[in-house]
Structure formats: structure tokens, C-alpha cells
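Here is query19.cif, consisting of mmCIF, C-alpha atoms and all ligand atoms:
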data_my_file
loop_
_atom_site.label_atom_id
_atom_site.label_comp_id
_atom_site.auth_asym_id
_atom_site.auth_seq_id
_atom_site.Cartn_x
_atom_site.Cartn_y
_atom_site.Cartn_z
CA MET A 1 47.80 5.93 16.83
CA GLN A 2 48.90 2.35 16.97
CA ILE A 3 51.09 1.42 19.90
CA SER A 4 53.72 -1.02 18.81
CA PRO A 5 54.33 -4.17 20.92
CA THR A 6 57.77 -2.82 21.84
CA THR A 7 56.27 0.43 23.15
CA LYS A 8 53.59 -1.53 25.00
CA PHE A 9 56.29 -3.60 26.61
CA ALA A 10 58.26 -0.50 27.51
CA LEU A 11 55.19 1.18 29.02
CA ALA A 12 54.34 -1.95 30.98
CA ALA A 13 57.90 -2.14 32.21
CA ILE A 14 57.83 1.53 33.31
CA ALA A 15 54.51 0.99 35.08
CA GLY A 16 55.92 -2.09 36.75
CA ILE A 17 59.00 -0.24 37.90
CA ALA A 18 56.83 2.64 39.16
CA ILE A 19 54.73 0.20 41.20
CA ALA A 20 57.86 -1.55 42.46
CA VAL A 21 59.49 1.75 43.43
CA THR A 22 56.31 2.88 45.19
CA PHE A 23 56.19 -0.41 47.06
CA VAL A 24 59.89 -0.52 47.96
CA SER A 25 60.02 3.15 48.96
CA ARG A 26 57.01 2.80 51.20
CA PRO A 27 58.59 4.31 54.25
CA LEU A 28 59.94 1.69 56.61
CA THR A 29 60.24 4.34 59.27
CA ALA A 30 59.31 4.31 62.90
CA PRO A 31 58.22 6.91 65.39
CA LEU A 32 60.94 7.99 67.80
CA PRO A 33 61.34 5.36 70.50
CA THR A 34 59.51 5.63 73.80
CA THR A 35 62.42 3.83 75.49
CA VAL A 36 66.17 4.40 75.41
CA GLN A 37 66.83 0.66 75.71
CA ILE A 38 68.02 -0.73 72.38
CA ALA A 39 66.98 -4.25 73.42
CA ASP A 40 63.36 -3.09 73.73
CA MET A 41 63.28 -1.52 70.25
CA THR A 42 62.99 -2.89 66.70
CA TRP A 43 65.89 -2.34 64.31
CA VAL A 44 63.69 0.11 62.41
CA GLU A 45 63.24 2.19 65.56
CA VAL A 46 67.00 2.16 66.18
CA GLN A 47 67.65 3.22 62.57
CA SER A 48 65.05 5.97 62.86
CA ALA A 49 66.52 7.17 66.17
CA ILE A 50 70.03 7.36 64.68
CA ALA A 51 68.67 9.27 61.67
CA ASN A 52 67.10 11.71 64.14
CA GLY A 53 70.39 12.36 65.88
CA PHE A 54 70.49 9.63 68.53
CA THR A 55 74.10 8.86 67.58
CA THR A 56 75.38 8.45 71.15
CA VAL A 57 75.04 5.16 72.98
CA ILE A 58 75.91 4.07 76.53
CA VAL A 59 77.20 0.53 77.10
CA PRO A 60 76.67 -0.36 80.78
CA SER A 61 78.87 -3.08 82.29
CA GLY A 62 77.84 -4.81 85.51
CA GLY A 63 78.81 -8.22 86.91
CA ILE A 64 77.57 -11.24 88.82
CA GLU A 65 79.52 -11.50 92.07
CA GLN A 66 79.13 -11.98 95.79
CA ASN A 67 78.04 -8.90 97.71
CA GLY A 68 77.95 -10.13 101.28
CA PRO A 69 75.12 -12.09 102.89
CA HIS A 70 72.80 -9.07 102.65
CA MET A 71 72.84 -8.18 98.95
CA ILE A 72 72.05 -10.07 95.72
CA LEU A 73 74.66 -11.12 93.18
CA SER A 74 73.38 -8.81 90.41
CA LYS A 75 74.01 -5.60 92.36
CA HIS A 76 76.24 -4.15 89.63
CA ASP A 77 73.73 -4.92 86.87
CA TYR A 78 70.84 -3.11 88.59
CA ILE A 79 72.95 -0.09 89.50
CA VAL A 80 74.64 0.36 86.14
CA ARG A 81 71.42 -0.10 84.16
CA HIS A 82 69.73 2.56 86.25
CA ALA A 83 72.74 4.90 85.99
CA ALA A 84 72.99 4.38 82.21
CA GLU A 85 69.37 5.48 81.78
CA GLY A 86 70.04 8.51 84.00
CA ILE A 87 73.12 9.46 81.98
CA ALA A 88 71.27 8.98 78.68
CA GLY A 89 68.42 11.16 79.93
CA GLU A 90 70.81 13.93 80.98
CA LEU A 91 72.77 13.84 77.71
CA GLY A 92 69.68 13.63 75.48
CA LYS A 93 69.52 11.86 72.09
CA THR A 94 71.31 8.87 73.62
CA LEU A 95 70.39 5.17 73.61
CA VAL A 96 71.44 2.43 76.03
CA ALA A 97 72.81 -1.02 75.13
CA PRO A 98 72.00 -4.13 77.21
CA VAL A 99 74.03 -4.58 80.41
CA ILE A 100 77.16 -6.73 80.21
CA SER A 101 76.72 -9.20 83.08
CA TYR A 102 79.90 -11.26 82.70
CA VAL A 103 83.12 -9.53 83.69
CA PRO A 104 86.55 -10.51 85.11
CA GLU A 105 86.22 -11.72 88.72
CA GLY A 106 89.59 -13.36 89.55
CA ALA A 107 91.30 -16.72 89.14
CA TYR A 108 89.37 -20.00 89.12
CA ASP A 109 91.73 -22.61 90.58
CA PRO A 110 92.52 -21.86 93.29
CA PRO A 111 89.74 -19.27 93.29
CA THR A 112 90.74 -15.72 94.22
CA GLY A 113 88.76 -12.58 95.06
CA HIS A 114 85.01 -12.91 94.59
CA MET A 115 85.49 -16.30 92.89
CA ARG A 116 85.88 -17.77 96.40
CA PHE A 117 82.13 -17.29 96.88
CA PRO A 118 79.51 -19.46 95.14
CA GLY A 119 77.35 -17.66 92.61
CA THR A 120 80.13 -15.44 91.31
CA ILE A 121 80.55 -15.93 87.55
CA GLY A 122 83.68 -14.46 85.97
CA ILE A 123 85.33 -14.45 82.57
CA THR A 124 88.98 -13.80 81.72
CA GLU A 125 90.23 -10.28 81.07
CA ALA A 126 90.97 -11.31 77.47
CA ALA A 127 87.39 -12.54 77.01
CA TYR A 128 86.07 -9.30 78.47
CA ALA A 129 88.27 -7.21 76.17
CA ASN A 130 87.02 -9.24 73.17
CA LEU A 131 83.44 -8.61 74.28
CA ILE A 132 84.04 -4.85 74.46
CA GLU A 133 85.62 -4.97 70.99
CA GLY A 134 82.67 -6.84 69.45
CA ILE A 135 80.12 -4.51 71.02
CA ALA A 136 82.04 -1.40 69.87
CA ARG A 137 82.41 -2.72 66.30
CA SER A 138 78.70 -3.62 66.17
CA LEU A 139 77.54 -0.22 67.39
CA LYS A 140 79.89 1.54 64.95
CA ALA A 141 78.55 -0.59 62.08
CA GLY A 142 75.00 0.35 63.12
CA GLY A 143 75.77 4.05 62.77
CA PHE A 144 76.51 5.25 66.30
CA ARG A 145 79.27 7.87 66.49
CA THR A 146 79.91 8.29 70.22
CA ILE A 147 80.07 5.03 72.18
CA CYS A 148 80.41 5.45 75.96
CA PHE A 149 81.38 2.51 78.17
CA ILE A 150 80.54 2.72 81.88
CA ALA A 151 81.67 -0.15 84.12
CA ASP A 152 80.41 -0.53 87.68
CA HIS A 153 82.97 -3.23 88.58
CA GLY A 154 86.63 -2.61 89.44
CA GLY A 155 88.15 -5.52 87.50
CA SER A 156 86.53 -4.32 84.27
CA GLN A 157 88.25 -0.94 84.24
CA GLN A 158 91.71 -1.78 82.87
CA PRO A 159 90.78 -4.26 80.10
CA GLN A 160 88.01 -1.88 79.01
CA ALA A 161 90.32 1.17 79.00
CA ASP A 162 92.98 -0.75 77.02
CA MET A 163 90.55 -2.02 74.34
CA ILE A 164 88.98 1.42 73.95
CA ALA A 165 92.42 3.02 73.51
CA LYS A 166 93.25 0.40 70.84
CA LEU A 167 90.01 0.98 68.90
CA ASN A 168 90.25 4.78 69.17
CA ALA A 169 93.73 4.56 67.62
CA GLU A 170 92.37 2.34 64.81
CA TRP A 171 89.42 4.69 64.13
CA SER A 172 91.34 7.93 64.49
CA GLY A 173 90.02 10.53 62.01
CA LYS A 174 86.93 8.45 61.16
CA GLY A 175 84.49 10.48 63.25
CA ILE A 176 83.91 7.69 65.77
CA ARG A 177 84.61 8.34 69.42
CA LEU A 178 84.78 5.66 72.12
CA ILE A 179 84.82 6.89 75.70
CA HIS A 180 85.97 4.88 78.71
CA VAL A 181 83.95 6.81 81.29
CA ASP A 182 86.28 6.35 84.25
CA ALA A 183 84.63 9.24 86.12
CA TYR A 184 81.63 6.93 86.54
CA TYR A 185 83.72 4.47 88.56
CA ALA A 186 85.94 6.93 90.47
CA ASP A 187 84.55 6.90 94.02
CA ALA A 188 86.56 9.78 95.55
CA PRO A 189 83.65 12.26 95.35
CA GLN A 190 81.29 9.75 97.01
CA ILE A 191 83.83 8.95 99.76
CA GLU A 192 84.33 12.67 100.36
CA LYS A 193 80.57 13.17 100.69
CA LEU A 194 80.23 10.35 103.25
CA MET A 195 83.22 11.59 105.26
CA GLN A 196 81.61 15.05 105.38
CA GLN A 197 78.60 13.26 106.89
CA GLY A 198 80.84 11.81 109.62
CA GLU A 199 81.54 8.32 108.26
CA THR A 200 85.02 6.85 108.74
CA ARG A 201 87.09 5.54 105.85
CA ALA A 202 86.95 2.06 107.45
CA ALA A 203 83.13 2.09 107.58
CA ILE A 204 82.91 3.32 103.98
CA GLY A 205 85.09 0.34 103.11
CA GLU A 206 85.60 -1.17 99.68
CA HIS A 207 82.94 -3.69 98.81
CA ALA A 208 79.32 -4.49 99.72
CA SER A 209 79.50 -1.58 102.13
CA ILE A 210 77.85 1.85 102.48
CA ILE A 211 78.17 3.04 98.87
CA ASP A 212 77.04 0.05 96.82
CA THR A 213 74.52 -1.19 99.42
CA SER A 214 72.92 2.28 99.56
CA GLU A 215 72.81 2.54 95.77
CA LEU A 216 71.00 -0.79 95.41
CA MET A 217 68.59 0.13 98.25
CA ALA A 218 67.69 3.29 96.32
CA ILE A 219 66.78 1.54 93.08
CA HIS A 220 66.00 -2.11 93.94
CA PRO A 221 65.19 -2.38 97.66
CA ASN A 222 64.15 -6.02 97.33
CA GLY A 223 67.78 -6.86 96.57
CA VAL A 224 68.99 -5.84 100.04
CA ASP A 225 68.16 -7.16 103.52
CA LEU A 226 70.24 -5.44 106.21
CA SER A 227 68.84 -7.76 108.92
CA ARG A 228 71.02 -10.51 107.45
CA LEU A 229 74.08 -8.63 108.67
CA ASP A 230 73.31 -9.80 112.25
CA GLY A 231 76.20 -11.92 113.42
CA THR A 232 78.56 -11.12 110.55
CA ARG A 233 80.80 -9.10 112.89
CA LEU A 234 81.51 -12.14 115.05
CA SER A 235 81.77 -14.58 112.15
CA LEU A 236 85.06 -16.35 111.62
CA GLN A 237 84.10 -17.10 108.04
CA PRO A 238 84.77 -14.61 105.25
CA THR A 239 81.61 -12.54 104.72
CA GLY A 240 82.51 -10.87 101.43
CA ILE A 241 82.07 -7.44 103.05
CA VAL A 242 84.81 -4.82 103.38
CA GLY A 243 83.29 -1.93 105.35
CA ASP A 244 80.11 -1.42 107.36
CA PRO A 245 76.96 -1.77 105.24
CA SER A 246 74.72 -1.30 108.31
CA ARG A 247 75.29 2.43 107.69
CA ALA A 248 73.63 2.18 104.24
CA SER A 249 70.29 3.76 103.35
CA ALA A 250 68.15 4.36 100.28
CA ALA A 251 68.36 8.14 100.78
CA ARG A 252 72.14 7.93 100.76
CA GLY A 253 72.01 5.73 97.69
CA LYS A 254 69.99 8.29 95.76
CA GLU A 255 72.47 11.00 96.65
CA LEU A 256 75.52 8.83 95.83
CA LEU A 257 74.06 7.76 92.48
CA GLU A 258 73.47 11.37 91.53
CA ILE A 259 77.15 12.13 92.18
CA ARG A 260 78.17 9.24 89.92
CA ILE A 261 75.74 10.14 87.13
CA ARG A 262 76.75 13.82 87.20
CA ALA A 263 80.45 12.91 87.00
CA ALA A 264 79.85 10.60 84.02
CA VAL A 265 77.76 13.19 82.17
CA ALA A 266 80.41 15.86 82.75
CA GLN A 267 83.18 13.60 81.39
CA ILE A 268 81.17 12.59 78.30
CA ARG A 269 80.20 16.21 77.56
CA ALA A 270 83.81 17.36 77.96
CA GLN A 271 85.07 14.68 75.56
CA MET A 272 82.31 15.37 73.04
CA ALA A 273 83.30 19.04 73.05
CA THR A 274 86.85 18.20 71.91
CA HIS A 275 87.60 17.51 68.26
ZN ZN A 301 82.46 -5.76 91.45
#
Kindly present the structure from the file in C-alpha cells form.
Ligand SMILES: [Zn+2]
Amino acid sequence: MQISPTTKFALAAIAGIAIAVTFVSRPLTAPLPTTVQIADMTWVEVQSAIANGFTTVIVPSGGIEQNGPHMILSKHDYIVRHAAEGIAGELGKTLVAPVISYVPEGAYDPPTGHMRFPGTIGITEAAYANLIEGIARSLKAGGFRTICFIADHGGSQQPQADMIAKLNAEWSGKGIRLIHVDAYYADAPQIEKLMQQGETRAAIGEHASIIDTSELMAIHPNGVDLSRLDGTRLSLQPTGIVGDPSRASAARGKELLEIRIRAAVAQIRAQMATH
């Protein structure tokens, strides 16, 4: 049988399409990631993880601020990155976004709060809220369904809570859930633990003291040098410390971090269980 030129063309076209389809549909998949850190994955691995149920993501927020003469400026970043991985591990099928290092730290001129100390780098509350919004919209666009924000720094709490409330209202009924994990930041359970161990409220303090110094000692000991506290008690200059960090230890830090991670996991699980 003679094949007409039209049929030949049609057959060639079908063969061409078949080859093209085979080529295009060659699976652009990836094995499941060996890390939970989005920044260490390819987009294909993130896509594959989401398709396999990794639809929850933790966004850790840290800060660059003074932490006394004995502790490095990136205390928050180290602690919150470590905690985020711990929370993701406990929850399962959860990825972790890069740490937000720039957070509200006070006024610039005249400088207030931590801004009085060189090395502190702050942004406005409005800038921080915009950052949270952009990150949330990006993760939603990528396919994540539950987006959990944990902030290690006090000044980040309110602008973060407000932006999350605004976005949750906008996305109501769309199957997207943003969680401001305030249980991560609430320090009452840690304070209670230390007071049971005989510490005073004054020694526990507020900043660069037993809790945060211990936590950094547990996960990044090179970032703390307690010997540099010598003389701070008699100093007339502001030290940046509120409390008594000489009572800090790595063992305490491990215990205190576990309290924080457990509280965050419990809050996220409770919210995920609601509809
Ligand atoms: Zn802070």
C-alpha cells in the first residue's frame, strides 16, 4: 500500500510528538531530601518533598544584637536554627526555611535598647512585617499548607503575630494555615524550671543571662566565653546583661531548649488538629 505524503507527514508528526512527550515527561523527580533545610536543597527536591507530604514548613526568626561581653551577636540565629530543626524532626514531614537575621531592635537616633551597642543591626517593625508577608506568600505559592513562624527575639513577636493574623484572615477557607508559634517564645516554663532548681528571678534575668547563655553553650559553645564576665559586676558602663549569666551551663541549655521545642511542637500539633 502506498503511503500518501499527507499520511507520512502525519506519522512523522505523531512520532515527533511521541519523542517530545517521552523527553518532556522524563521524570524531573528527586529522592526525598537528606536535609530539612530548604536552602540546602534544589527546587526539584523541594517539589518532590511537598508531593510526598512535606507540606509543613518552619520559618525561624533570629536577630543580630548585643548579648553582653560574653556572647556573640548571632545568639538568636544559632538557637532558633537548632530549635527549628528539632521541631521539624519531632513533627515529621516538615522543612525549615533560612533564618531571618534582621529583626526590629529599637530606635536609631537616639539609639534605644540593643541599638545602643555596636554590632546590633535592626530593621523597622514595618520592614519586618513586610518580610514575614513576603516569606509567607512565597511559601504558599510553592505549595506549603502549614507555615509556622518561630521567633527567638522579643521585638519580633508583635509585628509577626499581627501580619500572620492579617494573612490568615485573607486566606480563610483556602486550606492554608499560618501559625505564630508564641509558645516557642513564652519563657514561663523555663523560668519555673530554673526556680525549682533554686535560681532567683533576678539571676534568671531578662537578657544575655542564664536561659539564652545556657542555650547557646549547649549548641555552639564557641560563641560563649564566661571568663569575660570578670569585672562586669563592678563596671559603671552598661554591659548589655540583665541577670546573672555566670549561672549558665551547657547542660542547662540542653534542658531549657527541650522545654521550648516541646512547647512549640505541642502548639503546632494542637493547631493542626483544628479545622
Ligand atoms: Zn533579642
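With atom CA of Glu206 of chain A on one side and atom CA of Gly243 of chain A on the other, the separation reads 6.2 Å.
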Q: Check every protein, DNA and RNA residue against ligand ZN 301 (chain A), keep those with an atom at most 12 Å away (counting all atoms listed in the file), and present them as a PyMOL selection string.
A: chain A and resi 61-68+73-77+79-80+101-106+113-115+120-122+151-157+185+206-209+212+240-241
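If you look at atom CA of Arg252 of chain A and atom CA of Ala218 of chain A, they are 7.8 Å away from each other.
In this comparison, which uses all atoms listed in the file, the residue of A:Ile38, A:Thr239, A:Ser214, A:Ala266 approaching Phe117 of chain A most closely is A:Thr239.
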Q.
One decimal, in Å: what's the spacing between atom CA of Leu226 of chain A and atom CA of Tyr78 of chain A?
A. 17.8 Å
Q. In file coordinates, which residues lie within 12 Å of (67.1, -3.4, 62.7) using all atoms listed in the file, given as an MDAnalysis selection string?
A. chainID A and resid 28:30 38:50 139 141:143
Q. Ile135 of chain A: which residues within 12 Å, counting only C-alpha atoms, same-chain residues fewer than 3 positions away excluded, as JSON, numbers by chain?
A. {"A": [57, 58, 59, 60, 61, 97, 98, 99, 100, 128, 129, 130, 131, 132, 138, 139, 140, 141, 142, 144, 147, 148, 149, 160, 163, 164, 167, 178]}
Those same residues, written as a compact mmCIF listing (two decimals), in the frame of the given file with C-alpha atoms?
# COMPACT_ATOMS: atom_id res chain seq x y z
CA VAL A 57 75.04 5.16 72.98
CA ILE A 58 75.91 4.07 76.53
CA VAL A 59 77.20 0.53 77.10
CA PRO A 60 76.67 -0.36 80.78
CA SER A 61 78.87 -3.08 82.29
CA ALA A 97 72.81 -1.02 75.13
CA PRO A 98 72.00 -4.13 77.21
CA VAL A 99 74.03 -4.58 80.41
CA ILE A 100 77.16 -6.73 80.21
CA TYR A 128 86.07 -9.30 78.47
CA ALA A 129 88.27 -7.21 76.17
CA ASN A 130 87.02 -9.24 73.17
CA LEU A 131 83.44 -8.61 74.28
CA ILE A 132 84.04 -4.85 74.46
CA SER A 138 78.70 -3.62 66.17
CA LEU A 139 77.54 -0.22 67.39
CA LYS A 140 79.89 1.54 64.95
CA ALA A 141 78.55 -0.59 62.08
CA GLY A 142 75.00 0.35 63.12
CA PHE A 144 76.51 5.25 66.30
CA ILE A 147 80.07 5.03 72.18
CA CYS A 148 80.41 5.45 75.96
CA PHE A 149 81.38 2.51 78.17
CA GLN A 160 88.01 -1.88 79.01
CA MET A 163 90.55 -2.02 74.34
CA ILE A 164 88.98 1.42 73.95
CA LEU A 167 90.01 0.98 68.90
CA LEU A 178 84.78 5.66 72.12
(Q) as a ChimeraX atom specification, please: the residues near segment 187-189 of chain A (cut-off 9 Å, all atoms listed in the file, same-chain neighbours under 6 positions excluded). (A) /A:211,256,259-260,263
Q) Counting only C-alpha atoms, what is within 9 Å of Ile268 of chain A, bar same-chain residues fewer than 6 positions away, as a list in words? A) Leu91, Cys148, Ile179 and Val181 of chain A
Kindly export the residues of the current selection with C-alpha atoms, as a PDB file, keeping the file's coordinate frame.
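Saved the output as part-v7.pdb:
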ATOM      1  CA  LEU A  91      72.770  13.840  77.710  1.00  0.00           C
ATOM      2  CA  CYS A 148      80.410   5.450  75.960  1.00  0.00           C
ATOM      3  CA  ILE A 179      84.820   6.890  75.700  1.00  0.00           C
ATOM      4  CA  VAL A 181      83.950   6.810  81.290  1.00  0.00           C
TER       5      VAL A 181
END
Q | Pick from A:Pro110, A:Gly231, A:Gly53, A:Gly86 nearest to Leu257 of chain A, counting all atoms listed in the file | A |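 That would be A:Gly86, the residue with the smallest distance to Leu257 of chain A.
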Using the file's own x, y and z axes, so that the box edges lie along x, y and z, what centre and edge lengths in Å (one decimal) does a box around every listed atom of segment 249-255 of chain A get when 4 Å is added on each side? Give it as lines of an AutoDock Vina configuration file.
center_x = 70.3
center_y = 7.4
center_z = 99.6
size_x = 12.3
size_y = 15.2
size_z = 15.6
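Nearest to Thr146 of chain A of all the residues A:Met272, A:Val36, A:Val242, A:Ala183 is A:Met272, based on all atoms listed in the file.
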Q: Would you please work out which residue, of A:Ser227, A:Gln271, A:Thr34, A:Thr213, is nearest to Ala248 of chain A when using all atoms listed in the file?
A: A:Thr213
(Q) Using all atoms listed in the file for the distances, tell me which of A:Thr35, A:Gln196, A:Gln237, A:Gln190 is nearest to Arg262 of chain A. (A) A:Gln190
Q) Hey, which of A:Ala250, A:Leu234, A:Leu194, A:Ala169 ends up closest to Met217 of chain A? Count all atoms listed in the file. A)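 Comparing A:Ala250, A:Leu234, A:Leu194, A:Ala169 against Met217 of chain A, the winner is A:Ala250.
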